[in-house]
Each structure stands twice: as C-alpha cells, then as structure tokens.
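This is protein-v7.csv (CSV, C-alpha atoms and all ligand atoms).
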```csv
chain,number,residue,atom,x,y,z
A,978,MET,CA,-39.4,39.5,178.2
A,979,PRO,CA,-35.7,40.1,177.5
A,980,SER,CA,-34.1,40.9,174.2
A,981,ALA,CA,-31.3,39.1,172.5
A,982,LEU,CA,-28.3,40.1,170.4
A,983,VAL,CA,-26.5,37.6,168.2
A,984,PHE,CA,-23.0,38.3,166.9
A,985,PHE,CA,-21.2,36.8,163.9
A,986,ASN,CA,-17.8,37.9,162.7
A,987,GLU,CA,-18.8,36.8,159.2
A,988,LEU,CA,-22.0,35.5,157.6
A,989,SER,CA,-22.0,33.7,154.2
A,990,ASP,CA,-25.1,33.3,152.0
A,991,VAL,CA,-25.9,30.1,153.7
A,992,PRO,CA,-25.3,30.5,157.5
A,993,SER,CA,-23.5,27.6,159.2
A,994,LYS,CA,-25.4,25.1,161.3
A,995,ALA,CA,-24.0,26.7,164.5
A,996,GLN,CA,-25.1,30.1,163.3
A,997,ARG,CA,-28.6,28.9,162.6
A,998,GLU,CA,-28.8,27.4,166.1
A,999,LEU,CA,-27.9,30.8,167.6
A,1000,LEU,CA,-30.6,32.5,165.5
A,1001,THR,CA,-33.1,29.9,166.6
A,1002,LEU,CA,-32.3,30.5,170.2
A,1003,ALA,CA,-32.5,34.3,169.7
A,1004,SER,CA,-35.9,33.9,168.1
A,1005,ARG,CA,-37.3,32.7,171.5
A,1006,PHE,CA,-36.8,36.2,172.9
A,1007,ASP,CA,-38.9,39.3,172.7
A,1008,GLU,CA,-36.7,41.0,170.1
A,1009,ALA,CA,-33.7,39.5,168.2
A,1010,THR,CA,-31.0,41.7,166.8
A,1011,LEU,CA,-28.0,40.4,164.7
A,1012,ALA,CA,-24.7,42.2,164.5
A,1013,VAL,CA,-22.2,41.2,161.8
A,1014,ALA,CA,-18.6,42.5,161.5
A,1015,SER,CA,-18.5,42.2,157.7
A,1016,GLU,CA,-20.7,42.6,154.6
A,1017,VAL,CA,-24.0,40.6,154.6
A,1018,SER,CA,-25.5,39.6,151.2
A,1019,GLN,CA,-29.1,39.9,150.3
A,1020,GLU,CA,-29.5,36.1,150.4
A,1021,ALA,CA,-28.1,35.9,154.0
A,1022,GLN,CA,-30.4,38.8,155.0
A,1023,GLU,CA,-33.4,36.8,153.8
A,1024,VAL,CA,-32.3,33.8,155.8
A,1025,VAL,CA,-31.9,35.7,159.1
A,1026,ASN,CA,-35.1,37.5,158.5
A,1027,GLY,CA,-36.8,34.1,158.4
A,1028,TYR,CA,-35.6,33.5,162.0
A,1029,GLY,CA,-37.5,36.6,163.2
A,1030,VAL,CA,-34.5,38.9,163.4
A,1031,ALA,CA,-35.9,42.4,163.5
A,1032,LYS,CA,-32.7,44.4,163.2
A,1033,LEU,CA,-29.4,43.7,161.4
A,1034,LEU,CA,-26.4,45.8,162.4
A,1035,VAL,CA,-23.6,45.7,159.9
A,1036,ALA,CA,-20.1,47.1,160.3
A,1037,SER,CA,-18.0,46.1,157.4
A,1038,GLY,CA,-14.7,47.6,156.4
A,1039,GLY,CA,-12.6,46.4,159.3
A,1040,ASP,CA,-9.2,45.7,157.7
A,1041,ASP,CA,-7.7,43.6,160.4
A,1042,ALA,CA,-8.4,39.9,160.6
A,1043,PHE,CA,-7.8,39.8,164.3
A,1044,ILE,CA,-10.0,40.8,167.2
A,1045,ASP,CA,-10.0,44.6,167.4
A,1046,HIS,CA,-12.6,45.3,164.7
A,1047,SER,CA,-14.9,42.5,166.0
A,1048,LEU,CA,-14.6,43.9,169.6
A,1049,SER,CA,-15.5,47.4,168.4
A,1050,VAL,CA,-18.5,46.1,166.4
A,1051,LEU,CA,-19.9,44.0,169.2
A,1052,GLU,CA,-19.4,46.8,171.8
A,1053,ALA,CA,-21.2,49.3,169.6
A,1054,ALA,CA,-24.0,46.7,168.9
A,1055,VAL,CA,-24.5,46.0,172.6
A,1056,LYS,CA,-24.8,49.7,173.4
A,1057,LEU,CA,-27.2,50.4,170.5
A,1058,SER,CA,-29.4,47.4,171.0
A,1059,ALA,CA,-29.4,47.5,174.8
A,1060,ALA,CA,-29.9,43.7,174.6
A,1061,ASP,CA,-30.2,41.8,177.8
A,1062,VAL,CA,-28.3,38.7,176.5
A,1063,VAL,CA,-25.6,38.5,173.9
A,1064,LEU,CA,-25.3,35.1,172.1
A,1065,VAL,CA,-22.0,34.1,170.4
A,1066,ALA,CA,-20.4,30.9,169.2
A,1067,ASN,CA,-18.3,28.8,171.7
A,1068,ASP,CA,-15.0,28.9,169.8
A,1069,ASN,CA,-11.9,30.6,171.2
A,1070,PHE,CA,-12.3,33.8,169.1
A,1071,ASN,CA,-15.8,34.4,170.4
A,1072,ARG,CA,-15.1,33.3,173.9
A,1073,GLU,CA,-12.3,35.9,174.0
A,1074,ILE,CA,-14.5,38.7,172.6
A,1075,ALA,CA,-17.3,37.8,175.1
A,1076,ALA,CA,-14.9,37.7,178.1
A,1077,ARG,CA,-13.2,41.0,177.2
A,1078,LEU,CA,-16.4,42.9,176.6
A,1079,ALA,CA,-18.1,41.5,179.7
A,1080,VAL,CA,-15.2,42.9,181.7
A,1081,ARG,CA,-15.2,46.2,179.8
A,1082,LEU,CA,-19.0,46.7,180.2
A,1083,ASP,CA,-19.2,45.3,183.7
A,1084,GLY,CA,-21.4,42.4,182.5
A,1085,ALA,CA,-21.3,38.7,183.0
A,1086,VAL,CA,-20.1,35.8,180.8
A,1087,VAL,CA,-21.1,32.2,180.8
A,1088,THR,CA,-19.2,29.8,178.5
A,1089,ASP,CA,-20.0,26.2,177.3
A,1090,ALA,CA,-23.7,27.0,177.5
A,1091,THR,CA,-26.3,24.5,176.2
A,1092,ASP,CA,-29.5,26.5,176.7
A,1093,VAL,CA,-30.7,30.0,177.8
A,1094,SER,CA,-34.3,30.2,179.2
A,1095,ALA,CA,-36.7,33.1,178.6
A,1096,ASP,CA,-35.8,34.4,182.1
A,1097,LEU,CA,-32.1,34.3,181.3
A,1098,VAL,CA,-31.1,31.2,183.3
A,1099,VAL,CA,-28.2,29.7,181.5
A,1100,THR,CA,-27.7,25.9,181.5
A,1101,LYS,CA,-24.0,25.0,181.0
A,1102,ASP,CA,-21.7,22.1,181.1
A,1103,GLU,CA,-19.2,21.9,183.9
A,1104,LEU,CA,-16.0,19.8,184.4
A,1105,ALA,CA,-15.9,18.8,180.8
A,1106,GLY,CA,-19.6,17.7,180.8
A,1107,SER,CA,-19.5,15.7,184.0
A,1108,TYR,CA,-22.1,18.1,185.5
A,1109,SER,CA,-24.7,20.4,184.2
A,1110,ALA,CA,-25.1,23.7,186.1
A,1111,GLN,CA,-27.6,26.6,185.9
A,1112,ALA,CA,-26.4,30.1,186.3
A,1113,LYS,CA,-27.9,33.5,186.3
A,1114,ALA,CA,-26.1,36.9,186.0
A,1115,THR,CA,-26.5,39.2,188.9
A,1116,SER,CA,-25.9,42.4,187.0
A,1117,GLY,CA,-25.1,43.9,183.7
A,1118,THR,CA,-25.3,42.5,180.2
A,1119,LEU,CA,-25.1,38.7,180.0
A,1120,PHE,CA,-22.7,37.3,177.4
A,1121,VAL,CA,-23.2,33.6,176.6
A,1122,THR,CA,-21.1,31.3,174.4
A,1123,MET,CA,-23.3,28.5,173.1
A,1124,LYS,CA,-22.0,25.0,172.4
A,1125,PRO,CA,-22.9,23.7,168.9
A,1126,ASN,CA,-25.5,21.0,168.6
A,1127,SER,CA,-27.3,22.1,171.8
A,1128,ILE,CA,-30.3,23.9,170.2
A,1129,GLU,CA,-32.3,22.3,167.4
A,1130,ASP,CA,-32.2,24.5,164.3
A,1131,VAL,CA,-35.8,25.4,163.5
A,1132,PRO,CA,-35.7,27.3,160.2
A,1133,GLY,CA,-38.1,30.2,160.6
A,1134,GLU,CA,-40.9,31.2,158.2
A,1135,GLN,CA,-41.3,34.6,159.6
A,1136,ASP,CA,-41.1,37.4,157.0
A,1137,GLY,CA,-41.4,40.5,159.1
A,1138,GLN,CA,-39.6,43.8,158.5
A,1139,LEU,CA,-35.8,43.6,158.7
A,1140,ASP,CA,-34.2,46.9,159.5
A,1141,VAL,CA,-30.6,47.0,158.2
A,1142,LEU,CA,-28.4,49.6,159.9
A,1143,ALA,CA,-24.8,50.5,159.3
A,1144,LEU,CA,-23.1,50.5,162.6
A,1145,GLU,CA,-21.0,53.6,163.5
A,1146,LEU,CA,-17.8,52.7,165.2
A,1147,PRO,CA,-16.8,55.9,167.1
A,1148,GLY,CA,-13.0,56.5,167.2
A,1149,ALA,CA,-12.0,53.0,166.0
A,1150,ALA,CA,-8.3,52.7,166.7
A,1151,ALA,CA,-6.0,51.8,163.9
A,1152,PRO,CA,-5.4,48.0,163.9
A,1153,GLN,CA,-2.2,47.1,165.6
A,1154,ILE,CA,-1.7,44.0,163.4
A,1155,ARG,CA,-2.5,43.8,159.7
A,1156,VAL,CA,-2.6,40.6,157.7
A,1157,VAL,CA,-0.1,40.8,154.8
A,1158,ALA,CA,-0.8,37.4,153.2
A,1159,THR,CA,-3.2,34.5,153.6
A,1160,GLU,CA,-3.2,31.0,152.3
A,1161,ALA,CA,-6.5,29.1,152.1
A,1162,LYS,CA,-6.5,25.6,153.7
A,1163,ALA,CA,-7.7,22.7,151.7
A,1164,VAL,CA,-11.4,22.5,151.9
A,1165,SER,CA,-12.9,19.2,153.1
A,1166,ASP,CA,-16.4,18.0,152.0
A,1167,ARG,CA,-16.9,16.7,155.5
A,1168,PRO,CA,-18.8,18.8,158.1
A,1169,LYS,CA,-16.9,20.9,160.6
A,1170,LEU,CA,-15.7,18.7,163.5
A,1171,THR,CA,-17.1,20.9,166.2
A,1172,GLU,CA,-20.5,21.2,164.5
A,1173,ALA,CA,-21.0,17.7,163.0
A,1174,ARG,CA,-23.9,15.6,164.1
A,1175,VAL,CA,-21.8,12.5,163.8
A,1176,VAL,CA,-18.1,12.2,164.6
A,1177,VAL,CA,-16.0,9.1,164.0
A,1178,ALA,CA,-12.7,9.3,165.9
A,1179,GLY,CA,-9.6,7.1,165.7
A,1180,GLY,CA,-6.7,6.6,168.2
A,1181,ARG,CA,-3.4,4.8,168.4
A,1182,GLY,CA,-5.3,1.6,167.7
A,1183,VAL,CA,-5.7,2.6,164.0
A,1184,ASN,CA,-2.0,2.0,163.7
A,1185,GLY,CA,-1.4,4.7,161.1
A,1186,ASP,CA,-4.3,3.9,158.8
A,1187,PHE,CA,-7.2,6.3,159.1
A,1188,GLY,CA,-8.9,4.9,156.0
A,1189,PRO,CA,-11.5,2.8,157.8
A,1190,VAL,CA,-12.3,5.7,160.2
A,1191,GLU,CA,-12.7,8.1,157.3
A,1192,ASP,CA,-14.8,5.6,155.3
A,1193,LEU,CA,-17.3,5.1,158.1
A,1194,ALA,CA,-17.4,8.9,158.7
A,1195,ASP,CA,-18.3,9.4,155.0
A,1196,ALA,CA,-20.9,6.7,155.1
A,1197,LEU,CA,-22.6,8.6,158.0
A,1198,SER,CA,-21.9,12.1,156.5
A,1199,GLY,CA,-19.8,12.7,159.6
A,1200,ALA,CA,-16.6,14.4,160.6
A,1201,VAL,CA,-13.3,12.7,161.5
A,1202,GLY,CA,-11.6,13.2,164.9
A,1203,ALA,CA,-8.6,11.7,166.6
A,1204,SER,CA,-6.9,11.2,169.9
A,1205,ARG,CA,-3.7,13.0,170.7
A,1206,ALA,CA,-1.7,9.8,170.3
A,1207,ALA,CA,-2.9,9.7,166.6
A,1208,THR,CA,-2.2,13.4,165.9
A,1209,ASP,CA,1.2,13.3,167.7
A,1210,ALA,CA,2.1,10.3,165.5
A,1211,GLY,CA,1.4,12.5,162.4
A,1212,TRP,CA,-1.3,10.1,161.1
A,1213,ILE,CA,-3.8,13.0,160.9
A,1214,SER,CA,-3.8,16.8,161.2
A,1215,HIS,CA,-3.7,18.3,164.7
A,1216,ASP,CA,-7.0,20.1,163.9
A,1217,ALA,CA,-8.6,16.7,164.4
A,1218,GLN,CA,-7.5,16.3,168.0
A,1219,ILE,CA,-10.4,16.0,170.5
A,1220,GLY,CA,-9.8,16.5,174.2
A,1221,GLN,CA,-8.4,18.8,176.8
A,1222,THR,CA,-5.8,20.3,174.5
A,1223,GLY,CA,-7.8,19.8,171.4
A,1224,VAL,CA,-11.4,20.7,170.4
A,1225,THR,CA,-14.5,19.8,172.3
A,1226,VAL,CA,-17.3,18.1,170.4
A,1227,SER,CA,-20.8,17.2,171.4
A,1228,PRO,CA,-22.4,15.4,168.5
A,1229,GLN,CA,-25.6,13.3,168.4
A,1230,LEU,CA,-23.4,10.2,167.7
A,1231,PHE,CA,-19.7,9.8,168.6
A,1232,ILE,CA,-17.9,6.6,167.4
A,1233,SER,CA,-14.6,6.0,169.2
A,1234,ALA,CA,-12.3,3.5,167.5
A,1235,GLY,CA,-9.0,2.3,169.0
A,1236,ILE,CA,-9.0,5.0,171.7
A,1237,SER,CA,-8.3,4.0,175.3
A,1238,GLY,CA,-10.4,6.8,176.8
A,1239,ALA,CA,-7.9,8.7,178.9
A,1240,ILE,CA,-9.4,11.5,181.0
A,1241,GLN,CA,-7.9,14.2,178.8
A,1242,GLN,CA,-9.5,12.6,175.7
A,1243,LYS,CA,-12.9,12.1,177.4
A,1244,ALA,CA,-12.9,15.8,178.4
A,1245,GLY,CA,-13.5,16.7,174.7
A,1246,MET,CA,-16.3,14.2,173.9
A,1247,GLN,CA,-18.2,12.9,176.9
A,1248,THR,CA,-21.2,15.2,176.4
A,1249,SER,CA,-21.9,13.5,173.1
A,1250,LYS,CA,-25.5,12.2,173.1
A,1251,CYS,CA,-24.7,8.7,172.1
A,1252,ILE,CA,-21.2,7.1,172.4
A,1253,ILE,CA,-20.2,3.9,170.6
A,1254,ALA,CA,-16.8,2.5,171.5
A,1255,ILE,CA,-14.8,0.0,169.6
A,1256,ASN,CA,-11.8,-1.4,171.4
A,1257,LYS,CA,-10.1,-4.8,171.5
A,1258,ASP,CA,-9.4,-4.4,175.2
A,1259,VAL,CA,-12.5,-5.2,177.2
A,1260,ASP,CA,-11.0,-3.2,180.2
A,1261,ALA,CA,-10.4,0.0,178.2
A,1262,PRO,CA,-11.7,3.0,180.2
A,1263,VAL,CA,-13.7,4.3,177.2
A,1264,PHE,CA,-16.3,1.6,177.9
A,1265,GLU,CA,-17.1,3.3,181.2
A,1266,ILE,CA,-18.8,6.2,179.3
A,1267,ALA,CA,-20.0,4.3,176.2
A,1268,ASP,CA,-23.7,3.7,175.5
A,1269,PHE,CA,-22.7,0.8,173.3
A,1270,GLY,CA,-19.4,-1.1,173.3
A,1271,ILE,CA,-17.9,-3.4,170.8
A,1272,VAL,CA,-15.0,-5.5,171.9
A,1273,GLY,CA,-13.2,-6.2,168.7
A,1274,ASP,CA,-10.6,-5.3,166.1
A,1275,LEU,CA,-11.4,-2.0,164.5
A,1276,SER,CA,-9.9,-3.0,161.2
A,1277,LYS,CA,-12.7,-5.6,161.0
A,1278,VAL,CA,-15.5,-3.8,162.8
A,1279,LEU,CA,-15.3,-0.4,160.9
A,1280,PRO,CA,-15.5,-1.7,157.3
A,1281,GLN,CA,-18.4,-4.1,158.3
A,1282,ALA,CA,-20.3,-1.2,159.8
A,1283,ALA,CA,-19.7,1.1,156.8
A,1284,GLU,CA,-20.7,-1.7,154.4
A,1285,GLU,CA,-24.0,-2.4,156.4
A,1286,ILE,CA,-24.8,1.3,156.6
A,1287,ARG,CA,-24.4,1.8,152.8
A,1288,ARG,CA,-26.4,-1.4,152.1
A,1289,ARG,CA,-29.3,0.0,154.2
A,1290,GLN,CA,-29.0,3.4,152.6
A,1291,ALA,CA,-29.2,1.9,149.1
B,1,LIG,C1,-1.9,17.7,179.8
B,1,LIG,C2,-2.4,16.6,178.9
B,1,LIG,C3,-3.3,16.9,177.9
B,1,LIG,C4,-3.8,15.9,177.0
B,1,LIG,N1,-4.7,16.3,176.1
B,1,LIG,C5,-5.2,15.3,175.3
B,1,LIG,C6,-6.2,15.6,174.3
B,1,LIG,O1,-6.6,16.7,174.1
B,1,LIG,N2,-6.7,14.6,173.6
B,1,LIG,C7,-6.2,13.3,173.7
B,1,LIG,O2,-6.7,12.4,173.0
B,1,LIG,N3,-5.3,13.0,174.6
B,1,LIG,C8,-4.7,14.0,175.4
B,1,LIG,N4,-3.7,13.7,176.2
B,1,LIG,C9,-3.1,12.3,176.1
B,1,LIG,C10,-3.9,11.3,176.8
B,1,LIG,O3,-3.5,11.2,178.2
B,1,LIG,C11,-3.7,9.9,176.2
B,1,LIG,O4,-2.3,9.6,176.2
B,1,LIG,C12,-4.2,9.8,174.8
B,1,LIG,O5,-5.5,10.2,174.7
B,1,LIG,C13,-4.1,8.3,174.3
B,1,LIG,O6,-4.5,8.2,173.0
B,1,LIG,P1,-5.1,6.8,172.5
B,1,LIG,O7,-6.3,6.4,173.3
B,1,LIG,O8,-5.3,6.9,171.0
B,1,LIG,O9,-3.9,5.8,172.7
B,1,LIG,P2,-3.7,4.6,173.8
B,1,LIG,O10,-3.9,5.1,175.1
B,1,LIG,O11,-2.4,4.0,173.4
B,1,LIG,O12,-4.9,3.6,173.4
B,1,LIG,C14,-5.0,2.9,172.2
B,1,LIG,C15,-6.2,2.0,172.4
B,1,LIG,O13,-6.4,1.3,171.2
B,1,LIG,C16,-6.8,0.0,171.4
B,1,LIG,N5,-6.5,-0.8,170.2
B,1,LIG,C17,-5.3,-1.1,169.7
B,1,LIG,N6,-5.4,-1.8,168.6
B,1,LIG,C18,-6.7,-1.9,168.3
B,1,LIG,C19,-7.5,-2.5,167.3
B,1,LIG,N7,-6.9,-3.1,166.2
B,1,LIG,N8,-8.8,-2.5,167.4
B,1,LIG,C20,-9.5,-1.9,168.4
B,1,LIG,N9,-8.8,-1.3,169.5
B,1,LIG,C21,-7.4,-1.3,169.4
B,1,LIG,C22,-6.0,-0.4,172.7
B,1,LIG,O14,-6.7,-1.5,173.4
B,1,LIG,C23,-6.0,0.9,173.4
B,1,LIG,O15,-7.1,1.0,174.3
B,1,LIG,C24,-3.2,14.6,177.1
B,1,LIG,C25,-2.3,14.3,178.1
B,1,LIG,C26,-1.9,15.3,179.0
B,1,LIG,C27,-0.9,14.9,180.0
```
As structure tokens, how would this structure be written, given the file I've shared?
Amino acid sequence: MPSALVFFNELSDVPSKAQRELLTLASRFDEATLAVASEVSQEAQEVVNGYGVAKLLVASGGDDAFIDHSLSVLEAAVKLSAADVVLVANDNFNREIAARLAVRLDGAVVTDATDVSADLVVTKDELAGSYSAQAKATSGTLFVTMKPNSIEDVPGEQDGQLDVLALELPGAAAPQIRVVATEAKAVSDRPKLTEARVVVAGGRGVNGDFGPVEDLADALSGAVGASRAATDAGWISHDAQIGQTGVTVSPQLFISAGISGAIQQKAGMQTSKCIIAINKDVDAPVFEIADFGIVGDLSKVLPQAAEEIRRRQA
C-alpha cells in the first residue's frame, strides 16, 4: 500500500480542522509522514502522533515568510520520505507549492480534491463543483490539494513511536524577499470561512446591514460570507467574498440571504452539502441550487431563525 506525506507550513499546539482532516486522510495509508516548515511544540507532536504519524520532519529557521523556504522543505521531505502521495491544503499558498514541485520533480498535481483512495485514485470537483471526476497520476509523485470539509476528522488514539527528524536543506538559497514588518489582523472568534461547517452569507439584499447575518452565524457557530456586491459596497471585508474571484467554501450548511445566485457567486459555494436560500424574489436563480428555499424578507426571516435556534439550544 502507498505511503503518504502531509505538509504544513506552520503547526500550532492545536492543529486546525483542515490540518486534522489531512492527518486523518494520511492515516489511511501504509505509512504517514508529516513535514513542517517551522518549530513543532511537544503538544502538537502528541496530537499528530495520535493520528498514526510515524515520522515528523521539521525544518525551522527559514527567515522568509514567502514561498522559498516552504518549497525547499517540502522538496527535501518528498525526497527523504519517498512518499507516493503528498497531501497539502487547498489554499493558494499550498496549491502554488504543489504545482511548482510537481513540475520540478516530474510528478503530477490534482487540486480541489475531496478524497484519495488507497490505490491513489483522486476524487475531485470540476467546473466549480458541477461535476465530480476521478483522476490517477500516470507517473511520478502525486501532489494533492484537499478541499476542507471533505474528510471527517477522526481523532486518532494511536500512540506508536514518533520519530522526529531535523530536515537538512542542502544549499538553501538566500531568500530574495524578507519581511521587514508585520501587523496582525484583528482576530475573530468565528471559524475560518473556508473551514467552517456552517456559513451564513449576505448579498446586496442585506442593504448595508450585516447584523442579522452575523447574528444567525453566531447562533450556529458559523462563519460569515458575502457576495461581491456586498464586499464591493464596503459593507463587509473583501476576505468574506465567496465566488469565482473570492474564496471557495464547501460547508455542511450554507445559508444564502439576499443573494441572487449569479454564476460567479455559485462557483464558490455550490458544493455545499445543504443550501438554504432566503430571497424575496421567487425567480432568483439561487433557488435552482437550493435544497430549501424561503421566499421572504431576510430582515424578518434571519432574526426569527436565530431566535428559534437559540430557544431550542437553551
Ligand atoms: C469576472 C466576474 C467575477 C465575479 N466574481 C464574483 C464572486 O466571486 N462572487 C460574487 O458574489 N460575485 C461575483 N461576480 C459578480 C456577480 O456576477 C454578481 O453581480 C454578484 O454576485 C451579485 O451579488 P448579489 O447577489 O448580492 O446582488 P444582486 O444580484 O443585486 O442580488 C440581490 C438579491 O437580493 C434579493 N433581495 C433584495 N432585498 C431582499 C430582502 N430584503 N430579503 C431577501 N432578499 C432580498 C434580490 O431579490 C436579489 O435576488 C463576478 C462577476 C464577474 C463578471
């Protein structure tokens, strides 16, 4: 059976949900190795060991926050582990690393994957989730970028031996870009938009007031998203934009409020497991892909939904 290598740029004491999903997937293979491009605490080592990771390759000390150090780390880890499949997150940073290394090492890359079988058949979304395809590499190492929320995180209870090795980076080139200052963004208590199990998104129909959207998201412990019309209007940060030119989400539950459902918007959310659409126009295209539709005014529907959910939770 093939072996798997998982790569993280950083790993905190408590791995993120997307990272735990990758570790769960890797644990299905014969041998699972994890490579991390920065320090890994004892707490994090214990967590990854629980997922059956046998070898941890660590290469801290890269002083550039851009891609060179991560590329060198992953390249060295691929060569050392001789893994058949390399699993990384589906964000732009990791997609770029996977693509560049696949070219450099004469391997193959599959993005937007939702599963990888034991015989290395990759299931992936195509055309913004309109189709599901299966692909198999014909040669070289297979690099796969996994969509969050595709694999159920099954926390391991294995406590085998974890070999921690410092990864040697032969002839690492001096970074061409060095960060001279950073400013932390305000931290939100809500889950990350791309990883959340529940997303409540608002569009032009919120008419400048995201309060009811945020309130329902909080009642459901979900993340807040938006259409481009809402972000362009400055009602909410551009980070919240979902769609062709925004982020792609695939939560268990997506609630769309006051969004018409343009093709560019649907491209970012139509693989959600359950879609509930609230729109006052019965002919809005969003109803074509909704599992449940509510024809109504969101300023009435959203507060009622939040109130009822809190009443049932109490
Ligand atoms: C190249 C390109 C890329 C794009 N990328 C993206 C992208 O990534 N993401 C994205 O979202 N868009 C994107 N767009 C824009 C996209 O085409 C739409 O213009 C945009 O999605 C419309 O946003 P909206 O649905 O919020 O607004 P509208 O289309 O104006 O729809 C508003 C909806 O709200 C409903 N409504 C109004 N008031 C209420 C109320 N009180 N209660 C309930 N319903 C109400 C209306 O009936 C209407 O259906 C892109 C466009 C292009 C050309």
Fill in: Expected selection as a PyMOL selection string for ligand LIG 1 (chain B) within 10 Å, all atoms listed in the file
chain A and resi 1178-1184+1202-1210+1215+1217-1225+1233-1246+1254-1264+1271-1279
Item to complete: Write out as a VMD selection string which residues come within 12 Å of range 1078-1083 of chain A when counting all atoms listed in the file, dropping same-chain ones fewer than 4 positions away.
Response: chain A and resid 1044 to 1045 1047 to 1056 1059 1062 to 1063 1071 to 1074 1087 to 1088 1114 to 1122
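Between CA of Ala1194 in chain A and CA of Ser1214 in chain A the separation is 15.9 Å.
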Discussion item. Which residues are near Thr1010 in chain A? Cut-off 6 Å, all atoms listed in the file, ignore same chain within fewer than 4 positions. Put them as a ChimeraX atom specification.
Written reply: /A:982,1030-1033
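With distances restricted to only C-alpha atoms, A:Ser1094 is the closest residue to Arg1005 in chain A from A:Gln1281, A:Ser1094, A:Gln1111, A:Ser1249.
The environment of Ser1127 in chain A within 9 Å, counting only C-alpha atoms and disregarding residues fewer than 6 places along the same chain, consists of Glu998, Ala1090, Thr1091, Asp1092, Ser1227 and Pro1228 of chain A.
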Practice prompt. Would you mind telling me which residue in A:Pro1280, A:Gly1029, A:Gly1137, A:Pro979 lies nearest to Ala1095 in chain A when using all atoms listed in the file?
Written response: A:Pro979
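With CA of Asp1102 in chain A on one side and CA of Asp1089 in chain A on the other, the separation reads 5.8 Å.
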Practice prompt. Find the residues around Gln996 in chain A up to 9 Å (all atoms listed in the file counted), leave out those fewer than 5 positions away in its own chain, and share them as a PyMOL selection string.
Written response: chain A and resi 985+988+1001+1065-1066+1125
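Atom to atom, CA of Ile1252 in chain A and CA of Asp1268 in chain A stand 5.2 Å apart.
Using only C-alpha atoms, the smallest distance between any of A:Asp1192, A:Leu1142, A:Arg1167, A:Asn1126 and Lys1250 in chain A comes from A:Asn1126.
Around the coordinate (-33.4, 31.1, 162.3), residues that reach within 9 Å when counting only C-alpha atoms are Gln996, Arg997, Glu998, Leu999, Leu1000, Thr1001, Leu1002, Ala1003, Ser1004, Val1024, Val1025, Asn1026, Gly1027, Tyr1028, Gly1029, Val1030, Asp1130, Val1131, Pro1132, Gly1133 and Glu1134 of chain A.
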